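Participant: For reference, this is upload_32.cif, and it has mmCIF, C-alpha atoms.
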data_run
loop_
_atom_site.label_atom_id
_atom_site.label_comp_id
_atom_site.auth_asym_id
_atom_site.auth_seq_id
_atom_site.Cartn_x
_atom_site.Cartn_y
_atom_site.Cartn_z
CA MET A 3 120.81 75.19 85.19
CA ASN A 4 122.28 71.76 85.87
CA ASP A 5 120.30 68.72 87.03
CA ARG A 6 120.94 69.44 90.71
CA GLN A 7 119.65 72.99 90.35
CA LEU A 8 116.59 71.81 88.45
CA LEU A 9 115.82 69.53 91.37
CA ARG A 10 116.60 72.16 94.01
CA TYR A 11 114.32 74.74 92.42
CA SER A 12 111.66 72.28 91.25
CA ARG A 13 108.94 73.76 93.48
CA HIS A 14 109.45 77.12 91.79
CA ILE A 15 109.60 75.55 88.36
CA LEU A 16 106.25 73.87 88.99
CA LEU A 17 104.64 77.30 89.32
CA ASP A 18 103.22 78.41 85.96
CA GLU A 19 104.04 82.03 86.82
CA ILE A 20 107.75 81.18 87.21
CA GLY A 21 108.62 77.97 85.38
CA ILE A 22 112.07 77.19 84.02
CA ALA A 23 112.42 80.55 82.30
CA GLY A 24 111.60 82.51 85.44
CA GLN A 25 113.90 80.42 87.60
CA GLN A 26 116.70 80.92 85.10
CA ARG A 27 116.17 84.67 85.40
CA LEU A 28 116.60 84.32 89.17
CA VAL A 29 119.80 82.31 88.74
CA ASP A 30 121.16 84.96 86.36
CA ALA A 31 120.09 87.91 88.53
CA ARG A 32 122.06 90.32 90.68
CA ALA A 33 120.48 91.67 93.87
CA LEU A 34 121.82 94.51 96.01
CA ILE A 35 120.77 94.52 99.67
CA ILE A 36 121.45 97.69 101.66
CA GLY A 37 121.52 96.65 105.30
CA ALA A 38 122.13 93.19 106.77
CA GLY A 39 120.07 93.64 109.91
CA GLY A 40 116.48 92.90 110.85
CA LEU A 41 115.04 93.38 107.35
CA GLY A 42 118.08 92.40 105.35
CA SER A 43 118.41 89.08 107.19
CA PRO A 44 115.18 87.40 106.01
CA ALA A 45 115.36 89.14 102.64
CA ALA A 46 118.86 87.79 101.98
CA LEU A 47 118.04 84.31 103.24
CA TYR A 48 115.06 83.97 100.92
CA LEU A 49 116.83 85.42 97.89
CA ALA A 50 119.69 82.97 98.40
CA SER A 51 117.43 79.99 98.99
CA ALA A 52 115.44 80.92 95.87
CA GLY A 53 118.62 80.87 93.80
CA VAL A 54 119.34 84.53 93.01
CA GLY A 55 122.75 84.12 91.45
CA ARG A 56 124.61 87.07 92.91
CA ILE A 57 123.83 88.92 96.12
CA THR A 58 125.73 91.96 97.35
CA LEU A 59 125.41 92.78 101.05
CA VAL A 60 126.20 96.33 102.20
CA ASP A 61 126.47 97.12 105.91
CA GLY A 62 129.04 98.92 108.04
CA ASP A 63 128.11 97.40 111.40
CA THR A 64 129.34 94.40 113.36
CA VAL A 65 127.25 91.67 114.96
CA ASP A 66 126.17 92.56 118.50
CA LEU A 67 124.32 90.45 121.05
CA THR A 68 121.33 92.80 120.91
CA ASN A 69 120.97 92.09 117.18
CA LEU A 70 120.22 88.40 117.62
CA GLN A 71 116.65 88.89 118.85
CA ARG A 72 115.58 89.59 115.25
CA GLN A 73 118.58 89.53 112.86
CA ILE A 74 118.35 85.87 111.93
CA LEU A 75 121.24 86.03 109.48
CA HIS A 76 123.66 86.08 112.42
CA SER A 77 124.53 83.86 115.40
CA GLU A 78 126.35 84.01 118.73
CA ASP A 79 129.45 82.34 117.36
CA ARG A 80 129.85 85.27 114.94
CA LEU A 81 129.59 88.09 117.51
CA GLY A 82 132.05 90.85 116.65
CA GLN A 83 132.27 89.93 112.97
CA THR A 84 131.10 92.38 110.36
CA LYS A 85 127.47 91.77 109.52
CA VAL A 86 128.30 91.27 105.85
CA SER A 87 130.92 88.62 106.67
CA SER A 88 128.51 86.86 109.01
CA GLY A 89 125.79 87.10 106.39
CA GLN A 90 128.06 85.71 103.72
CA THR A 91 128.76 82.67 105.91
CA ALA A 92 125.04 82.09 106.49
CA LEU A 93 124.08 82.44 102.83
CA ARG A 94 126.86 80.14 101.66
CA GLY A 95 125.56 77.53 104.07
CA ILE A 96 122.09 77.78 102.56
CA ASN A 97 123.09 77.83 98.90
CA PRO A 98 126.72 77.40 97.83
CA ASP A 99 125.77 78.18 94.21
CA VAL A 100 125.06 81.81 95.10
CA LEU A 101 127.91 84.30 94.80
CA VAL A 102 127.78 86.56 97.87
CA GLU A 103 129.76 89.79 97.65
CA THR A 104 130.27 92.04 100.66
CA VAL A 105 130.78 95.74 101.28
CA PRO A 106 131.70 96.19 105.00
CA HIS A 107 131.04 99.92 105.17
CA ARG A 108 128.38 102.45 104.33
CA VAL A 109 128.37 103.67 100.75
CA SER A 110 127.23 106.87 99.12
CA ASP A 111 127.73 108.94 95.99
CA LYS A 112 129.78 107.24 93.26
CA PRO A 113 130.39 103.90 95.05
CA LEU A 114 126.67 103.58 95.76
CA ALA A 115 125.80 104.56 92.19
CA ALA A 116 128.15 101.89 90.85
CA LEU A 117 126.60 99.19 93.03
CA VAL A 118 123.07 100.18 92.01
CA ALA A 119 123.98 100.35 88.33
CA ASP A 120 125.32 96.78 88.51
CA ALA A 121 122.17 95.34 90.15
CA ASP A 122 118.94 94.03 88.68
CA VAL A 123 116.98 94.85 91.83
CA VAL A 124 117.78 96.85 94.97
CA LEU A 125 116.39 96.11 98.42
CA ASP A 126 116.59 98.98 100.88
CA CYS A 127 116.76 97.36 104.31
CA SER A 128 118.47 100.30 105.98
CA ASP A 129 117.36 102.11 109.13
CA ASN A 130 117.83 105.79 108.36
CA PHE A 131 116.34 108.35 105.98
CA ALA A 132 119.67 109.63 104.66
CA THR A 133 120.54 106.20 103.28
CA ARG A 134 117.03 105.62 101.96
CA HIS A 135 117.07 108.86 100.01
CA ALA A 136 120.57 108.23 98.67
CA VAL A 137 119.56 104.76 97.48
CA ASN A 138 116.38 106.15 95.93
CA ARG A 139 118.29 108.79 93.98
CA ALA A 140 120.69 106.18 92.62
CA CYS A 141 117.83 103.86 91.64
CA VAL A 142 116.00 106.63 89.78
CA ARG A 143 119.15 107.74 88.00
CA HIS A 144 120.02 104.22 86.87
CA ARG A 145 116.41 103.08 86.37
CA LYS A 146 116.58 100.18 88.82
CA PRO A 147 113.59 98.79 90.73
CA LEU A 148 113.70 99.49 94.46
CA VAL A 149 111.98 97.45 97.17
CA SER A 150 111.78 99.49 100.37
CA GLY A 151 110.89 98.25 103.84
CA ALA A 152 110.78 99.64 107.36
CA ALA A 153 109.96 98.21 110.79
CA ILE A 154 109.85 99.84 114.21
CA ARG A 155 108.08 98.79 117.41
CA PHE A 156 104.96 96.99 116.06
CA ALA A 157 104.64 99.00 112.81
CA GLY A 158 105.84 97.88 109.39
CA GLN A 159 105.92 99.48 105.94
CA LEU A 160 106.51 98.10 102.46
CA ALA A 161 106.62 99.81 99.06
CA VAL A 162 108.08 99.17 95.61
CA PHE A 163 109.34 101.85 93.23
CA ASP A 164 110.16 101.13 89.60
CA SER A 165 111.43 103.99 87.46
CA ARG A 166 111.54 101.72 84.40
CA ARG A 167 107.77 101.93 84.05
CA GLY A 168 106.46 103.96 81.15
CA ASP A 169 103.76 105.63 83.24
CA GLY A 170 106.24 107.63 85.28
CA GLY A 171 105.72 105.80 88.55
CA PRO A 172 106.52 107.50 91.86
CA CYS A 173 109.80 107.25 93.75
CA TYR A 174 110.56 107.13 97.47
CA ASN A 175 110.98 110.92 97.55
CA CYS A 176 107.43 111.37 96.21
CA LEU A 177 106.13 109.50 99.25
CA PHE A 178 108.58 110.81 101.86
CA PRO A 179 110.09 114.09 100.60
CA GLU A 180 113.64 114.63 101.75
CA THR A 181 112.83 118.21 102.66
CA GLY A 182 109.80 117.17 104.70
CA GLU A 183 109.77 116.68 108.43
CA ALA A 184 110.06 113.04 109.47
CA ASP A 185 110.85 111.57 112.83
CA GLU A 186 114.01 109.46 112.75
CA VAL A 187 113.33 106.59 115.14
CA ARG A 188 115.57 103.59 115.61
CA CYS A 189 114.99 100.21 117.16
CA ALA A 190 117.97 100.73 119.48
CA VAL A 191 115.88 103.38 121.24
CA MET A 192 112.28 102.43 120.44
CA GLY A 193 112.51 98.64 120.19
CA VAL A 194 111.10 96.36 117.50
CA PHE A 195 108.92 93.23 117.65
CA ALA A 196 111.15 90.43 116.34
CA PRO A 197 108.71 88.72 113.92
CA LEU A 198 107.78 92.10 112.42
CA ALA A 199 111.23 92.38 110.86
CA GLY A 200 110.79 88.89 109.46
CA ILE A 201 107.39 89.68 107.97
CA ILE A 202 108.52 92.87 106.21
CA GLY A 203 111.90 91.50 105.12
CA THR A 204 110.30 88.36 103.70
CA MET A 205 107.79 90.44 101.77
CA GLN A 206 110.66 92.50 100.37
CA ALA A 207 112.19 89.26 99.14
CA ALA A 208 108.86 88.22 97.61
CA GLU A 209 108.50 91.46 95.67
CA ALA A 210 112.13 91.30 94.52
CA LEU A 211 111.71 87.72 93.28
CA LYS A 212 108.51 88.68 91.44
CA LEU A 213 110.29 91.61 89.81
CA ILE A 214 113.14 89.41 88.61
CA ALA A 215 111.00 86.49 87.46
CA GLY A 216 108.32 88.68 85.90
CA ALA A 217 105.59 87.05 87.99
CA GLY A 218 102.40 88.57 89.33
CA GLU A 219 101.52 92.16 90.13
CA ILE A 220 104.10 94.44 91.73
CA ILE A 221 102.83 96.81 94.42
CA VAL A 222 104.08 99.98 92.72
CA GLY A 223 102.09 103.02 93.81
CA ARG A 224 100.90 101.39 97.04
CA LEU A 225 102.27 101.76 100.55
CA TRP A 226 101.46 98.74 102.68
CA LEU A 227 101.20 99.44 106.40
CA LEU A 228 101.15 96.67 109.02
CA ASP A 229 99.85 97.09 112.54
CA GLY A 230 101.60 94.17 114.21
CA LEU A 231 99.60 94.40 117.42
CA ALA A 232 96.25 94.05 115.67
CA MET A 233 97.84 92.09 112.77
CA GLU A 234 95.98 94.27 110.29
CA TRP A 235 97.20 95.48 106.90
CA ARG A 236 96.25 98.78 105.29
CA SER A 237 97.11 99.85 101.74
CA VAL A 238 97.49 103.51 100.76
CA ARG A 239 97.73 104.46 97.09
CA PHE A 240 99.99 107.29 96.00
CA GLY A 241 101.24 108.71 92.71
CA GLN A 242 104.21 110.56 91.31
CA ASP A 243 104.75 114.09 92.57
CA PRO A 244 105.05 116.23 89.42
CA GLN A 245 107.34 118.55 91.39
CA CYS A 246 109.49 115.76 92.85
CA ALA A 247 113.12 116.86 93.12
CA VAL A 248 114.30 113.35 92.22
CA CYS A 249 112.03 111.72 89.64
CA ALA A 250 110.11 114.54 87.95
CA PRO A 251 111.14 114.90 84.28
CA SER A 252 112.73 118.26 85.03
CA ALA A 253 114.84 116.72 87.80
CA ILE A 254 116.28 113.76 85.85
CA LYS A 255 119.46 114.54 83.95
#
Take the structure in this file and express it as structure tokens.
Facilitator:
Amino acid sequence: MNDRQLLRYSRHILLDEIGIAGQQRLVDARALIIGAGGLGSPAALYLASAGVGRITLVDGDTVDLTNLQRQILHSEDRLGQTKVSSGQTALRGINPDVLVETVPHRVSDKPLAALVADADVVLDCSDNFATRHAVNRACVRHRKPLVSGAAIRFAGQLAVFDSRRGDGGPCYNCLFPETGEADEVRCAVMGVFAPLAGIIGTMQAAEALKLIAGAGEIIVGRLWLLDGLAMEWRSVRFGQDPQCAVCAPSAIK
């Protein structure tokens, strides 16, 4: 880091749990963010402001007026632009030292696997189970930590999965099996409380930064549930499913 960066990140460097070494790891890191909407907006803004050196934004949508109630990465003067292009503009304005790469379409299979393999941490800020399961499979295969968030109406969820752990930690499929029955609800139909997306997305950024810097305890094996109306948190512990079709030893090739 140069003198300007040392000054910019001085409040991180003052933290014993991060210091110069931890901040350097952030500057050298590569983060992949799937979704540049309600969750991806605050997550990306905080990763960029914290100095994560390379951020890849993946989203196939364009900025719509209805997004602006909660998707703080975007603005009215960028209506109609792709969300990743709009996001790139916002992040460059916050921290020009960060390299922001964009993928203006949905990815799956080999392209998704390549993006995950190239990342140090993956943040799933998507809004559908198909994408979440595809991202999870790629993270397990390439042994990349995954920070997963969800927000709908007044309810939020946060979990971290890290297949690098020696204790065989659980994956997203252990918690929400792909073959199980799950209601697919979207904010376009159900609505979402604007600050809720900010709370969950910011916590995703916090867990990602801790993972990169090696600071604190990561919430692996715990699902955090937020009731935004009562503003109450609940934590549910869960373990690896020995029969998981994704992360069980018999399933990994």
Participant: List the residues matched by the PyMOL selection byres ((chain A and resi 127) around 12) in the displayed structure as number ranges by chain, ordered by chain and then by residue number.
Facilitator: A: 34-46, 59-61, 73, 124-126, 128-131, 133-134, 137, 148-153, 159-161, 199-200, 202-207
Participant: Of the candidates A:Gln25, A:Thr181, A:Ser51, A:Ser165, which one gets nearest to Arg94 of chain A if we count all atoms listed in the file?
Facilitator: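 Smallest separation from Arg94 of chain A among the options: A:Ser51.
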Participant: Of the residues A:Gly218, A:Pro106, A:Pro172, A:Pro197, which is the one nearest to Pro244 of chain A, using all atoms listed in the file?
Facilitator: A:Pro172
Participant: Could you expand the PyMOL selection byres ((chain A and resi 232-240) around 10) into the explicit residues it covers here, written as a ChimeraX atom specification?
Facilitator: /A:156-161,171-172,176-177,198,221-231,241-243
Participant: For Lys112 of chain A, which residue out of A:Lys212, A:Ala140, A:Leu70, A:Ala92 is the nearest one, using all atoms listed in the file?
Facilitator: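 Comparing A:Lys212, A:Ala140, A:Leu70, A:Ala92 against Lys112 of chain A, the winner is A:Ala140.
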Participant: Let me know the residues the PyMOL selection byres ((chain A and resi 122) around 8) catches in the file above, as a ChimeraX atom specification.
Facilitator: /A:31-34,120-121,123-124,146-147,214
Participant: Between atom CA of Leu213 of chain A and atom CA of Pro98 of chain A, what is the distance in Å, rounded to a tenth?
Facilitator: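 Interatomic distance, atom CA of Leu213 of chain A to atom CA of Pro98 of chain A: 23.2 Å.
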Participant: Could you tell me how far atom CA of Glu180 of chain A lies from atom CA of Asn138 of chain A, in Å and to one decimal?
Facilitator: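 That distance, rounded to one decimal, is 10.6 Å.
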Participant: So, counting all atoms listed in the file, which residue among A:His135, A:Arg27, A:Val118, A:Ile57 is closest to Glu103 of chain A?
Facilitator: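 Counting all atoms listed in the file, the residue closest to Glu103 of chain A is A:Ile57.
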Participant: Using all atoms listed in the file, which of the listed residues (A:Met192, A:Cys249, A:Tyr11, A:Gln26) sits closest to Gly216 of chain A?
Facilitator: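 Closest to Gly216 of chain A of all the choices is A:Gln26.
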Participant: For a quick check of understanding, using all atoms listed in the file, which of A:Ala116, A:Val248, A:Leu67, A:Leu28 has the smallest distance to Gln7 of chain A?
Facilitator: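 Distance minimum relative to Gln7 of chain A lands on A:Leu28.
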Participant: Report, in Å with one decimal, the straight-line distance from atom CA of His144 of chain A to atom CA of Val54 of chain A.
Facilitator: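 Value for the atom CA of His144 of chain A-atom CA of Val54 of chain A distance: 20.6 Å.
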Participant: Give me the residues near Leu9 of chain A as a ChimeraX atom specification, where near means some atom within 12 Å (using only C-alpha atoms) and where sequence neighbours in that chain fewer than 5 positions away do not count.
Facilitator: /A:3-4,14-16,22,25,53
Participant: Only C-alpha atoms, please: the residues just picked out, written as a short mmCIF file (atom, residue, chain, number, x, y, z; two decimals), in the coordinates of the input.
Facilitator:
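Here's the written file part.cif:
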data_model
loop_
_atom_site.label_atom_id
_atom_site.label_comp_id
_atom_site.auth_asym_id
_atom_site.auth_seq_id
_atom_site.Cartn_x
_atom_site.Cartn_y
_atom_site.Cartn_z
CA MET A 3 120.81 75.19 85.19
CA ASN A 4 122.28 71.76 85.87
CA HIS A 14 109.45 77.12 91.79
CA ILE A 15 109.60 75.55 88.36
CA LEU A 16 106.25 73.87 88.99
CA ILE A 22 112.07 77.19 84.02
CA GLN A 25 113.90 80.42 87.60
CA GLY A 53 118.62 80.87 93.80
#
Participant: Counting all atoms listed in the file, which residues sit no farther than 7 Å from the position (126.8, 94.9, 114.6) in the file's frame? I'd like them as an NGL selection string.
Facilitator: :A and (63-66 or 69 or 82 or 84-85)
Participant: Since the input is missing atoms for segment 129-140 of chain A, could you rebuild it with all heavy atoms and give the result as a CSV table (one decimal), keeping the file's coordinate frame?
Facilitator:
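The file below, part.csv, is the result:
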chain,number,residue,atom,x,y,z
A,129,ASP,N,118.1,101.6,108.0
A,129,ASP,CA,117.4,102.1,109.1
A,129,ASP,C,117.4,103.6,109.3
A,129,ASP,O,117.2,104.1,110.4
A,129,ASP,CB,117.8,101.4,110.4
A,129,ASP,CG,119.3,101.7,110.7
A,129,ASP,OD1,120.0,102.4,109.9
A,129,ASP,OD2,119.8,101.3,111.8
A,130,ASN,N,117.8,104.3,108.2
A,130,ASN,CA,117.8,105.8,108.4
A,130,ASN,C,117.4,106.5,107.0
A,130,ASN,O,117.6,105.9,106.0
A,130,ASN,CB,119.2,106.2,108.8
A,130,ASN,CG,120.3,105.9,107.8
A,130,ASN,OD1,120.6,106.8,106.9
A,130,ASN,ND2,120.9,104.8,107.9
A,131,PHE,N,116.9,107.7,107.2
A,131,PHE,CA,116.3,108.4,106.0
A,131,PHE,C,117.4,108.8,105.0
A,131,PHE,O,117.2,108.9,103.8
A,131,PHE,CB,115.5,109.5,106.4
A,131,PHE,CG,114.1,109.1,106.9
A,131,PHE,CD1,113.8,109.3,108.3
A,131,PHE,CD2,113.2,108.6,106.1
A,131,PHE,CE1,112.6,108.9,108.7
A,131,PHE,CE2,111.9,108.2,106.5
A,131,PHE,CZ,111.6,108.4,107.9
A,132,ALA,N,118.6,109.2,105.5
A,132,ALA,CA,119.7,109.6,104.7
A,132,ALA,C,120.1,108.5,103.7
A,132,ALA,O,120.2,108.8,102.5
A,132,ALA,CB,120.9,110.1,105.5
A,133,THR,N,120.2,107.3,104.2
A,133,THR,CA,120.5,106.2,103.3
A,133,THR,C,119.4,105.9,102.3
A,133,THR,O,119.6,105.7,101.1
A,133,THR,CB,120.9,104.9,104.1
A,133,THR,OG1,122.0,105.2,104.9
A,133,THR,CG2,121.2,103.8,103.2
A,134,ARG,N,118.2,105.9,102.8
A,134,ARG,CA,117.0,105.6,102.0
A,134,ARG,C,116.9,106.6,100.8
A,134,ARG,O,116.7,106.2,99.7
A,134,ARG,CB,115.7,105.6,102.8
A,134,ARG,CG,115.6,104.5,103.8
A,134,ARG,CD,114.5,104.6,104.7
A,134,ARG,NE,114.4,103.6,105.7
A,134,ARG,CZ,113.8,103.7,106.9
A,134,ARG,NH1,113.1,104.8,107.1
A,134,ARG,NH2,113.8,102.7,107.7
A,135,HIS,N,117.1,107.9,101.1
A,135,HIS,CA,117.1,108.9,100.0
A,135,HIS,C,118.2,108.7,99.0
A,135,HIS,O,118.1,108.9,97.8
A,135,HIS,CB,117.0,110.3,100.6
A,135,HIS,CG,115.6,110.6,101.1
A,135,HIS,ND1,114.6,110.9,100.3
A,135,HIS,CD2,115.1,110.7,102.4
A,135,HIS,CE1,113.5,111.2,101.0
A,135,HIS,NE2,113.8,111.1,102.3
A,136,ALA,N,119.4,108.4,99.6
A,136,ALA,CA,120.6,108.2,98.7
A,136,ALA,C,120.4,107.0,97.7
A,136,ALA,O,120.6,107.1,96.5
A,136,ALA,CB,121.8,108.0,99.5
A,137,VAL,N,119.8,105.9,98.3
A,137,VAL,CA,119.6,104.8,97.5
A,137,VAL,C,118.5,105.1,96.5
A,137,VAL,O,118.6,104.7,95.3
A,137,VAL,CB,119.1,103.6,98.4
A,137,VAL,CG1,118.6,102.4,97.6
A,137,VAL,CG2,120.3,103.1,99.3
A,138,ASN,N,117.5,105.8,96.9
A,138,ASN,CA,116.4,106.2,95.9
A,138,ASN,C,116.9,107.0,94.8
A,138,ASN,O,116.6,106.7,93.6
A,138,ASN,CB,115.3,106.9,96.7
A,138,ASN,CG,114.2,107.4,95.7
A,138,ASN,OD1,113.4,106.6,95.2
A,138,ASN,ND2,114.1,108.7,95.6
A,139,ARG,N,117.8,108.0,95.0
A,139,ARG,CA,118.3,108.8,94.0
A,139,ARG,C,119.1,108.0,93.0
A,139,ARG,O,119.0,108.1,91.8
A,139,ARG,CB,119.2,109.9,94.6
A,139,ARG,CG,118.4,111.0,95.3
A,139,ARG,CD,119.3,112.2,95.6
A,139,ARG,NE,120.3,111.9,96.5
A,139,ARG,CZ,120.2,112.0,97.8
A,139,ARG,NH1,119.1,112.4,98.4
A,139,ARG,NH2,121.3,111.7,98.6
A,140,ALA,N,119.9,107.0,93.5
A,140,ALA,CA,120.7,106.2,92.6
A,140,ALA,C,119.8,105.3,91.8
A,140,ALA,O,120.1,105.0,90.6
A,140,ALA,CB,121.7,105.4,93.4
